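Structure, as structure tokens:
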Amino acid sequence: MGSEVRRAAVALVARREERFATRRSPADAKERVERALAPMSFSRVDVRHEWIEGPGGIELAVRLAPMPSVERWLRAASLATVALLVASVWAIASPEVSRSIAFLVPMAAGFVILALPIAAAALGSQREGEEARLRKAIRAALAADAG
């Protein structure tokens, strides 16, 4: 499970470009892709596409990047975890803190430390699903026998 969590977390913040070649006419290909992508919305991946001339004709270059909100969420969660760890050390080391607080704050920190990788893996898996849906729609739109 560790490698799957790591793979999904890496996928969450990965930036990449994919290219899709087609034998269709440029006008037809552009219209079909625009029609296929129009109803789609993405919450975990920022999709930018452009048409370029490739060695075998026209190609669709799709750039995939994490949404800025995902990066902000990861930074905020990391800062909150650090703050909770500092509060845990303070609660354990401080003589004026009640023992129940000295127990609950580190316990909450432990739960956050365990939950953060799972949440990141869930978001990464959601992004991978959105990318797969995007790839499938583009391939179906550019398929030579579709029509």
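In the structure tokens, each chain is lettered A, B, ... as it comes, each chain's residues begin at 1, and ligands are numbered from 1 in order of appearance.
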
Residue neighbourhood Gly57 (chain A), 10 Å, only C-alpha atoms, exclusion window fewer than 5 positions, as a list in words
Ala21, Thr22, Arg23, Arg24, Ser25, Pro26 and Ile52 of chain A

Prev. selection, N, CA and C atoms, output as a PDB file, in the first residue's frame:
```
ATOM      1  N   ALA A  21      -1.833  12.568 -31.578  1.00  0.00           N
ATOM      2  CA  ALA A  21      -1.778  12.766 -33.028  1.00  0.00           C
ATOM      3  C   ALA A  21      -3.095  12.312 -33.642  1.00  0.00           C
ATOM      4  N   THR A  22      -3.409  12.893 -34.785  1.00  0.00           N
ATOM      5  CA  THR A  22      -4.632  12.510 -35.489  1.00  0.00           C
ATOM      6  C   THR A  22      -4.411  12.582 -36.986  1.00  0.00           C
ATOM      7  N   ARG A  23      -5.193  11.785 -37.703  1.00  0.00           N
ATOM      8  CA  ARG A  23      -5.171  11.817 -39.161  1.00  0.00           C
ATOM      9  C   ARG A  23      -6.323  12.657 -39.698  1.00  0.00           C
ATOM     10  N   ARG A  24      -7.163  13.123 -38.827  1.00  0.00           N
ATOM     11  CA  ARG A  24      -8.301  13.941 -39.244  1.00  0.00           C
ATOM     12  C   ARG A  24      -7.830  15.301 -39.746  1.00  0.00           C
ATOM     13  N   SER A  25      -8.723  15.977 -40.453  1.00  0.00           N
ATOM     14  CA  SER A  25      -8.398  17.335 -40.903  1.00  0.00           C
ATOM     15  C   SER A  25      -8.322  18.240 -39.670  1.00  0.00           C
ATOM     16  N   PRO A  26      -7.497  19.271 -39.716  1.00  0.00           N
ATOM     17  CA  PRO A  26      -7.346  20.144 -38.545  1.00  0.00           C
ATOM     18  C   PRO A  26      -8.660  20.751 -38.058  1.00  0.00           C
ATOM     19  N   ILE A  52      -0.588  21.835 -32.416  1.00  0.00           N
ATOM     20  CA  ILE A  52       0.738  22.101 -32.986  1.00  0.00           C
ATOM     21  C   ILE A  52       0.961  21.183 -34.186  1.00  0.00           C
TER      22      ILE A  52
END
```

List the neighbours of Ala137 (chain A) out to 10 Å using only C-alpha atoms; skip same-chain residues closer than 2 positions along the sequence, and give me the result as a VMD selection string.
chain A and resid 32 to 33 35 to 37 40 131 to 135 139 to 143

Nearest candidate to Ile113 (chain A) (options A:Val82, A:Phe42, A:Gln126, A:Pro55; using only C-alpha atoms)
A:Val82

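Residues in contact with Thr81 (chain A) at up to 12 Å, not including ones fewer than 3 positions away on its chain and judged by only C-alpha atoms, are Leu74, Arg75, Ala76, Ala77, Ser78, Leu84, Leu85, Val86, Ala87, Ser88, Val105, Pro106, Ala108, Ala109, Gly110, Phe111, Val112, Ile113, Leu114, Ala115, Leu116 and Pro117 of chain A.
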
List every residue of region 4-146 of chain A that DSSP, applied to the backbone, labels as strand (DSSP E or B), and write the result as a PyMOL selection string.
chain A and resi 16-21+45-54+57-66

Show which residues sit within 10 Å of Gly54 (chain A), as a list in words. Count only C-alpha atoms, and ignore same-chain residues fewer than 4 positions away.
Arg19, Phe20, Ala21, Thr22, Ile58, Glu59, Leu60 and Ala61 of chain A

Store the residues picked out above, limited to C-alpha atoms, as a PDB file, in the first residue's frame.
```pdb
ATOM      1  CA  ARG A  19       0.389  14.666 -27.178  1.00  0.00           C
ATOM      2  CA  PHE A  20      -2.338  13.157 -29.290  1.00  0.00           C
ATOM      3  CA  ALA A  21      -1.778  12.766 -33.028  1.00  0.00           C
ATOM      4  CA  THR A  22      -4.632  12.510 -35.489  1.00  0.00           C
ATOM      5  CA  ILE A  58      -1.465  18.058 -36.524  1.00  0.00           C
ATOM      6  CA  GLU A  59      -1.175  17.093 -32.843  1.00  0.00           C
ATOM      7  CA  LEU A  60      -3.023  18.122 -29.736  1.00  0.00           C
ATOM      8  CA  ALA A  61      -0.605  19.018 -26.909  1.00  0.00           C
TER       9      ALA A  61
END
```

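Here CA of Ala120 (chain A) is placed at a distance of 5.5 Å from CA of Ala9 (chain A).
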
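CA of Val10 (chain A) is positioned 19.0 Å from CA of Val62 (chain A).
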
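The protein and nucleic acid residues lying at most 10 Å from region 3-5 of chain A are Ala11, Pro117, Ile118, Ala119, Ala120, Ala121, Ala122, Gly124 and Ser125 of chain A, with only C-alpha atoms considered and sequence neighbours fewer than 6 positions away removed.
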
Atoms kept (all heavy atoms) for selection, written as an mmCIF file, in the first residue's frame:
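Saved result, again08.cif, follows:
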```
data_model
loop_
_atom_site.group_PDB
_atom_site.id
_atom_site.type_symbol
_atom_site.label_atom_id
_atom_site.label_comp_id
_atom_site.auth_asym_id
_atom_site.auth_seq_id
_atom_site.Cartn_x
_atom_site.Cartn_y
_atom_site.Cartn_z
ATOM 1 N N ALA A 11 1.509 11.862 -8.140
ATOM 2 C CA ALA A 11 0.616 12.238 -9.245
ATOM 3 C C ALA A 11 -0.175 13.498 -8.929
ATOM 4 O O ALA A 11 -0.540 14.246 -9.836
ATOM 5 C CB ALA A 11 -0.340 11.092 -9.566
ATOM 6 N N PRO A 117 -1.213 11.583 4.660
ATOM 7 C CA PRO A 117 -0.873 10.804 3.457
ATOM 8 C C PRO A 117 -2.091 10.147 2.803
ATOM 9 O O PRO A 117 -2.163 10.042 1.579
ATOM 10 C CB PRO A 117 0.102 9.740 3.969
ATOM 11 C CG PRO A 117 0.609 10.248 5.255
ATOM 12 C CD PRO A 117 -0.464 11.109 5.826
ATOM 13 N N ILE A 118 -3.042 9.746 3.617
ATOM 14 C CA ILE A 118 -4.243 9.124 3.057
ATOM 15 C C ILE A 118 -5.058 10.156 2.276
ATOM 16 O O ILE A 118 -5.555 9.876 1.179
ATOM 17 C CB ILE A 118 -5.076 8.462 4.166
ATOM 18 C CG1 ILE A 118 -4.273 7.298 4.774
ATOM 19 C CG2 ILE A 118 -6.423 7.980 3.643
ATOM 20 C CD1 ILE A 118 -4.866 6.730 6.037
ATOM 21 N N ALA A 119 -5.174 11.359 2.826
ATOM 22 C CA ALA A 119 -5.900 12.425 2.121
ATOM 23 C C ALA A 119 -5.181 12.809 0.828
ATOM 24 O O ALA A 119 -5.822 12.999 -0.213
ATOM 25 C CB ALA A 119 -6.053 13.644 3.026
ATOM 26 N N ALA A 120 -3.856 12.900 0.873
ATOM 27 C CA ALA A 120 -3.099 13.228 -0.340
ATOM 28 C C ALA A 120 -3.255 12.124 -1.385
ATOM 29 O O ALA A 120 -3.388 12.413 -2.583
ATOM 30 C CB ALA A 120 -1.626 13.441 0.005
ATOM 31 N N ALA A 121 -3.251 10.875 -0.949
ATOM 32 C CA ALA A 121 -3.442 9.766 -1.887
ATOM 33 C C ALA A 121 -4.834 9.803 -2.499
ATOM 34 O O ALA A 121 -5.005 9.522 -3.697
ATOM 35 C CB ALA A 121 -3.214 8.434 -1.187
ATOM 36 N N ALA A 122 -5.832 10.148 -1.708
ATOM 37 C CA ALA A 122 -7.190 10.241 -2.237
ATOM 38 C C ALA A 122 -7.293 11.341 -3.284
ATOM 39 O O ALA A 122 -7.899 11.143 -4.347
ATOM 40 C CB ALA A 122 -8.177 10.494 -1.103
ATOM 41 N N GLY A 124 -4.797 12.522 -5.062
ATOM 42 C CA GLY A 124 -4.013 12.070 -6.208
ATOM 43 C C GLY A 124 -4.768 11.073 -7.060
ATOM 44 O O GLY A 124 -4.718 11.126 -8.286
ATOM 45 N N SER A 125 -5.474 10.170 -6.424
ATOM 46 C CA SER A 125 -6.282 9.195 -7.173
ATOM 47 C C SER A 125 -7.405 9.881 -7.924
ATOM 48 O O SER A 125 -7.733 9.507 -9.047
ATOM 49 C CB SER A 125 -6.851 8.150 -6.217
ATOM 50 O OG SER A 125 -5.819 7.386 -5.663
#
```

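With only C-alpha atoms as the atoms that count, the residue of A:Val70, A:Met107, A:Pro39, A:Ala80 with the shortest distance to Ala14 (chain A) is A:Val70.
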
Write down as a VMD selection string the residues of chain A whose backbone DSSP state falls under alpha helix (DSSP H).
chain A and resid 2 to 13 26 to 37 68 to 93 99 to 142

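The two atoms in question, CA of Arg127 (chain A) and CA of Leu79 (chain A), are spaced 22.9 Å apart.
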